[in-house]
Amino acid sequence: MRRSRVAVLAFVVSGACSIDTLAAQAPGSLSDTTRKFVVVGEPVVVLANATIIDGTGAAPKAKQTIVIRDGKIAQVGPASTVQAPAGARTLDVSGQTVIPGMIGMHDHLFYMAAGGRQTPAWHTGPRLYLASGVTTIRTTGSMAPYGDINTKYEIDAGGQPGPHIVITTPYITGRPGVADIMELVTTPDQARRFVDYWAGEGASWVKAYTDISRADLKAVIDEAHRRGMKVTGHLCSVSFSEAVDLGIDNLEHGFVTATDFDPSKQPDVCPVGSMTRVAAANPASDLGHAVIKKMVDHKVPMTSTLAVFEPFFPNRPVTDQRTLDAMAPEVRQAYLAIRAHIDSGPAVHWAFTAEMLKNAMRFEKEFVDAGGVLAAGVDPTGIGGALAGFGDQRNYELLIETGFTPAQVVEILSANGAKVLGTYDRVGSIEAGKAADLVVLNGDLPSDPSVIRKVTTVFKDGVGYDSPKLIASVAGRVGIE
């Protein structure tokens with residue numbers, strides 16, 4: 001991947017890493033590499049006769065027409081009343097569904113897979129996210145932050161196709177930690193210095209990880225808020241309730257990382273094997289209701305990442321062909337081997353049970369029913385079965401399985417992410433005046449959840465990208481670049 005070193009350094013120094021700095025892209029600003037994936041580039045475009053799920057929580061609407069002008073939604077309404085402007089390119093999308101661009105709230109620019117493999121995904125990740133209908137991502141923890149920043153710069157400049165990127169710091173944790181990719185802090189002063197440094201580099205979110213202490217997390221939160229940043233966490237040593245009391249802005253992964261439910265939990269310690277003990281607990285107990293109430297009362301949203309957990313559970317549909325086709329051959333082989341082990345026999349040889357996944361789903365449903373704001377992301381890690389973009393789509397199907405309606409799930413995948421990021425005035429729903437970040441799906445999504453995988457065209461700032469062509473461009477490459 002070639003970049004101008006001077007341009008990259010100028011970008012880094014500017015600190016321009018928030019979605020707030022982005023201007024709408026137009027075909028004229030795109031490189032030859034990016035333009036070859038563009039199928040709709042006219043300034044005025046009409047999507048006629050669609051079924052729309054608009055992201056606001058409203059019920060699906062049939063026979064709707066959307067007018068896109070200069071990268072924004074100019075008009076949306078019944079096809080019988082919305083007229084195509086003179087000179088517009090009109091696309092009849094009868095029998096198709098249009099939803100807002102998804103906002104991936106746990107969408108790394110690296111990939112981890114079976115056997116401990118971990119690789120950057122600065123080429124494959126952005127293409128798969130965009131192809132899948134994810135038009136904005138929050139990186140939510142970085143292995144190589146300057147690679148993320150430079151990738152964001154290149155996409156913003158039109159050099160390669162990809163989503164809007166909201167930059168999160170590298171992971172910050174305590175000992176024992178993961179020394180090769182994370183900042184290990186042992187004092188509040190060190191934690192504050194970490195936040196100050198990455199604020200200067202343009203990060204807008206901080207990612208706290210499993211072994212951070214309460215004192216250090218408090219220092220992170222206070223310094224981040226002083227610098228206009230927010231903090232999220234994949235926690236363990238600090239429980240959800242403790243983190244809410246400390247002032248955290250977002251909690252990742254949901255039930256299985258909430259050590260409030262681990263009876264062996266000690267202060268500031270992440271208990272070994274905690275995840276399976278938590279997953280076996282009752283999310284609808286009095287304790288579950290108390291944890292949820294605290295989160296809701298303090299307006300702390302939660303990020304669902306069901307797609308990354310699902311491959312750990314036996315007898316789940318997690319070997320779809322398009323995922324296998326996207327993987328590098330050696331990654332595919334390792335993934336299929338561990339999946340065969342998981343599915344091979346009695347649960348005695350594997351810690352995760354089907355009931356645990358149901359518990360995680362139930363916690364998320366209880367949270368939303370109590371008034372909580374649930375967003376979602378893929379987290380392309382674990383044993384490698386949840387790929388960038390494809391996992392975001394799989395979250396739709398899993399949230400339907402959880403018991404949410406199609407309108408609720410689209411709201412979770414789009415509007416709620418925008419609300420957490422503070423950008424809902426511009427993205428996250430299909431409303432006049434907002435950016436034309438839209439996903440065209442071939443089929444009736446309200447009646448068939450699998451339609452979420454049938455993306456034809458993804459509009460980002462009104463420019464339409466060819467989804468199948470983007471996917472084909474990374475076939476066999478996930479896990480090697």
# chains A, B, ... in the order shown; residues from 1 in each chain; ligands from 1
$ residues_around --residues "stretch 300-308 of chain A" --least-positions-apart "3" --cutoff "9 Å" --atoms "only C-alpha atoms" --output "ChimeraX atom specification"
/A:105-106,244,247-254,294-297,311-312,357,360-361,364,367,372-387,391-395,398-399,416-417,420
$ select_by_dssp --residues "stretch 35-234 of chain A" --states "strand (DSSP E or B)" --output "NGL selection string"
:A and (38-40 or 44-52 or 61-69 or 72-78 or 89-92 or 97-100 or 102-104 or 110-112 or 118-120 or 134-138 or 142 or 164-166 or 168-173 or 183-184 or 205-208 or 230-233)
$ residues_around --residues "A:Arg138" --least-positions-apart "3" --cutoff "8 Å" --atoms "only C-alpha atoms" --output "list in words"
Ile103, Gly104, Met105, His106, Asp107, His108, Ile165, Val166, Ile167 and Thr168 of chain A
$ closest_residue --among "A:Phe110, A:Phe390, A:Phe363, A:Phe261" --to "A:Val318" --atoms "only C-alpha atoms"
A:Phe390
$ residues_around --residues "A:Val474" --least-positions-apart "6" --cutoff "8 Å" --atoms "only C-alpha atoms" --output "list in words"
Thr124, Arg127, Leu128 and Ala326 of chain A
$ closest_residue --among "A:Ile342, A:Asn315, A:Val238, A:Pro100" --to "A:Thr56" --atoms "only C-alpha atoms"
A:Pro100
$ select_by_dssp --residues "stretch 390-448 of chain A" --states "helix (DSSP H, G or I)" --output "VMD selection string"
chain A and resid 390 to 402 406 to 413 415 to 421
$ write_last_selection --atoms "N, CA and C atoms" --output "compact mmCIF listing (two decimals), in the first residue's frame"
# COMPACT_ATOMS: atom_id res chain seq x y z
N PHE A 390 -18.78 -9.16 7.06
CA PHE A 390 -19.65 -10.34 7.08
C PHE A 390 -20.19 -10.57 8.50
N GLY A 391 -19.35 -10.36 9.50
CA GLY A 391 -19.79 -10.51 10.88
C GLY A 391 -20.79 -9.45 11.29
N ASP A 392 -20.64 -8.22 10.76
CA ASP A 392 -21.63 -7.18 11.02
C ASP A 392 -22.99 -7.62 10.47
N GLN A 393 -22.97 -8.19 9.27
CA GLN A 393 -24.22 -8.71 8.71
C GLN A 393 -24.78 -9.86 9.55
N ARG A 394 -23.90 -10.75 10.00
CA ARG A 394 -24.35 -11.88 10.81
C ARG A 394 -25.01 -11.39 12.10
N ASN A 395 -24.53 -10.26 12.63
CA ASN A 395 -25.17 -9.70 13.82
C ASN A 395 -26.65 -9.44 13.59
N TYR A 396 -27.01 -9.02 12.36
CA TYR A 396 -28.43 -8.81 12.06
C TYR A 396 -29.21 -10.09 12.32
N GLU A 397 -28.75 -11.20 11.75
CA GLU A 397 -29.45 -12.47 11.89
C GLU A 397 -29.49 -12.93 13.35
N LEU A 398 -28.39 -12.72 14.06
CA LEU A 398 -28.34 -13.15 15.46
C LEU A 398 -29.26 -12.30 16.35
N LEU A 399 -29.36 -11.02 16.05
CA LEU A 399 -30.25 -10.17 16.83
C LEU A 399 -31.72 -10.47 16.53
N ILE A 400 -32.00 -10.87 15.31
CA ILE A 400 -33.35 -11.37 15.01
C ILE A 400 -33.62 -12.63 15.82
N GLU A 401 -32.65 -13.53 15.87
CA GLU A 401 -32.78 -14.74 16.68
C GLU A 401 -32.97 -14.40 18.15
N THR A 402 -32.39 -13.31 18.59
CA THR A 402 -32.50 -12.87 19.98
C THR A 402 -33.93 -12.46 20.32
N PRO A 406 -37.16 -6.62 12.87
CA PRO A 406 -36.26 -6.05 11.85
C PRO A 406 -36.01 -4.56 12.05
N ALA A 407 -37.05 -3.81 12.38
CA ALA A 407 -36.87 -2.37 12.59
C ALA A 407 -35.94 -2.09 13.76
N GLN A 408 -36.08 -2.86 14.85
CA GLN A 408 -35.19 -2.68 16.00
C GLN A 408 -33.74 -3.02 15.65
N VAL A 409 -33.55 -4.09 14.90
CA VAL A 409 -32.19 -4.51 14.59
C VAL A 409 -31.50 -3.49 13.69
N VAL A 410 -32.20 -2.99 12.69
CA VAL A 410 -31.60 -1.96 11.83
C VAL A 410 -31.25 -0.72 12.66
N GLU A 411 -32.10 -0.37 13.59
CA GLU A 411 -31.79 0.76 14.48
C GLU A 411 -30.53 0.48 15.30
N ILE A 412 -30.40 -0.74 15.80
CA ILE A 412 -29.20 -1.11 16.57
C ILE A 412 -27.95 -1.01 15.71
N LEU A 413 -28.05 -1.48 14.47
CA LEU A 413 -26.88 -1.55 13.60
C LEU A 413 -26.51 -0.20 12.97
N ALA A 415 -28.53 3.57 13.57
CA ALA A 415 -28.80 4.79 14.35
C ALA A 415 -28.14 4.77 15.72
N ASN A 416 -28.20 3.62 16.39
CA ASN A 416 -27.64 3.59 17.75
C ASN A 416 -26.14 3.80 17.75
N GLY A 417 -25.45 3.24 16.76
CA GLY A 417 -24.02 3.50 16.66
C GLY A 417 -23.74 4.97 16.45
N ALA A 418 -24.53 5.61 15.59
CA ALA A 418 -24.35 7.04 15.35
C ALA A 418 -24.61 7.84 16.63
N LYS A 419 -25.60 7.42 17.41
CA LYS A 419 -25.89 8.13 18.65
C LYS A 419 -24.73 8.01 19.63
N VAL A 420 -24.14 6.83 19.72
CA VAL A 420 -22.99 6.64 20.62
C VAL A 420 -21.81 7.50 20.16
N LEU A 421 -21.61 7.59 18.86
CA LEU A 421 -20.51 8.40 18.32
C LEU A 421 -20.80 9.89 18.34
$ closest_residue --among "A:Thr135, A:Thr34, A:Thr423, A:Ser239" --to "A:Phe459" --atoms "only C-alpha atoms"
A:Thr135
$ residues_around --residues "stretch 266-281 of chain A" --least-positions-apart "3" --cutoff "6 Å" --atoms "only C-alpha atoms" --output "list in words"
Ser213, Cys236, Ser237, Val238, Val256, Phe261, Asp262 and Met356 of chain A
$ write_last_selection --atoms "C-alpha atoms" --output "PDB file, in the first residue's frame"
ATOM      1  CA  SER A 213      -7.315  -1.438  37.714  1.00  0.00           C
ATOM      2  CA  CYS A 236     -12.843  -8.121  33.428  1.00  0.00           C
ATOM      3  CA  SER A 237     -10.780  -6.811  36.364  1.00  0.00           C
ATOM      4  CA  VAL A 238     -13.349  -4.024  36.613  1.00  0.00           C
ATOM      5  CA  VAL A 256     -19.948 -12.693  28.871  1.00  0.00           C
ATOM      6  CA  PHE A 261     -21.761 -12.312  37.542  1.00  0.00           C
ATOM      7  CA  ASP A 262     -18.567 -14.183  38.528  1.00  0.00           C
ATOM      8  CA  MET A 356     -24.479 -19.749  27.208  1.00  0.00           C
TER       9      MET A 356
END
$ atom_distance --atom1 "atom CA of A:Lys61" --atom2 "atom CA of A:Gly464"
22.1 Å
$ closest_residue --among "A:Glu431, A:Asp425, A:Asp216, A:Glu366" --to "A:Phe255" --atoms "only C-alpha atoms"
A:Glu366
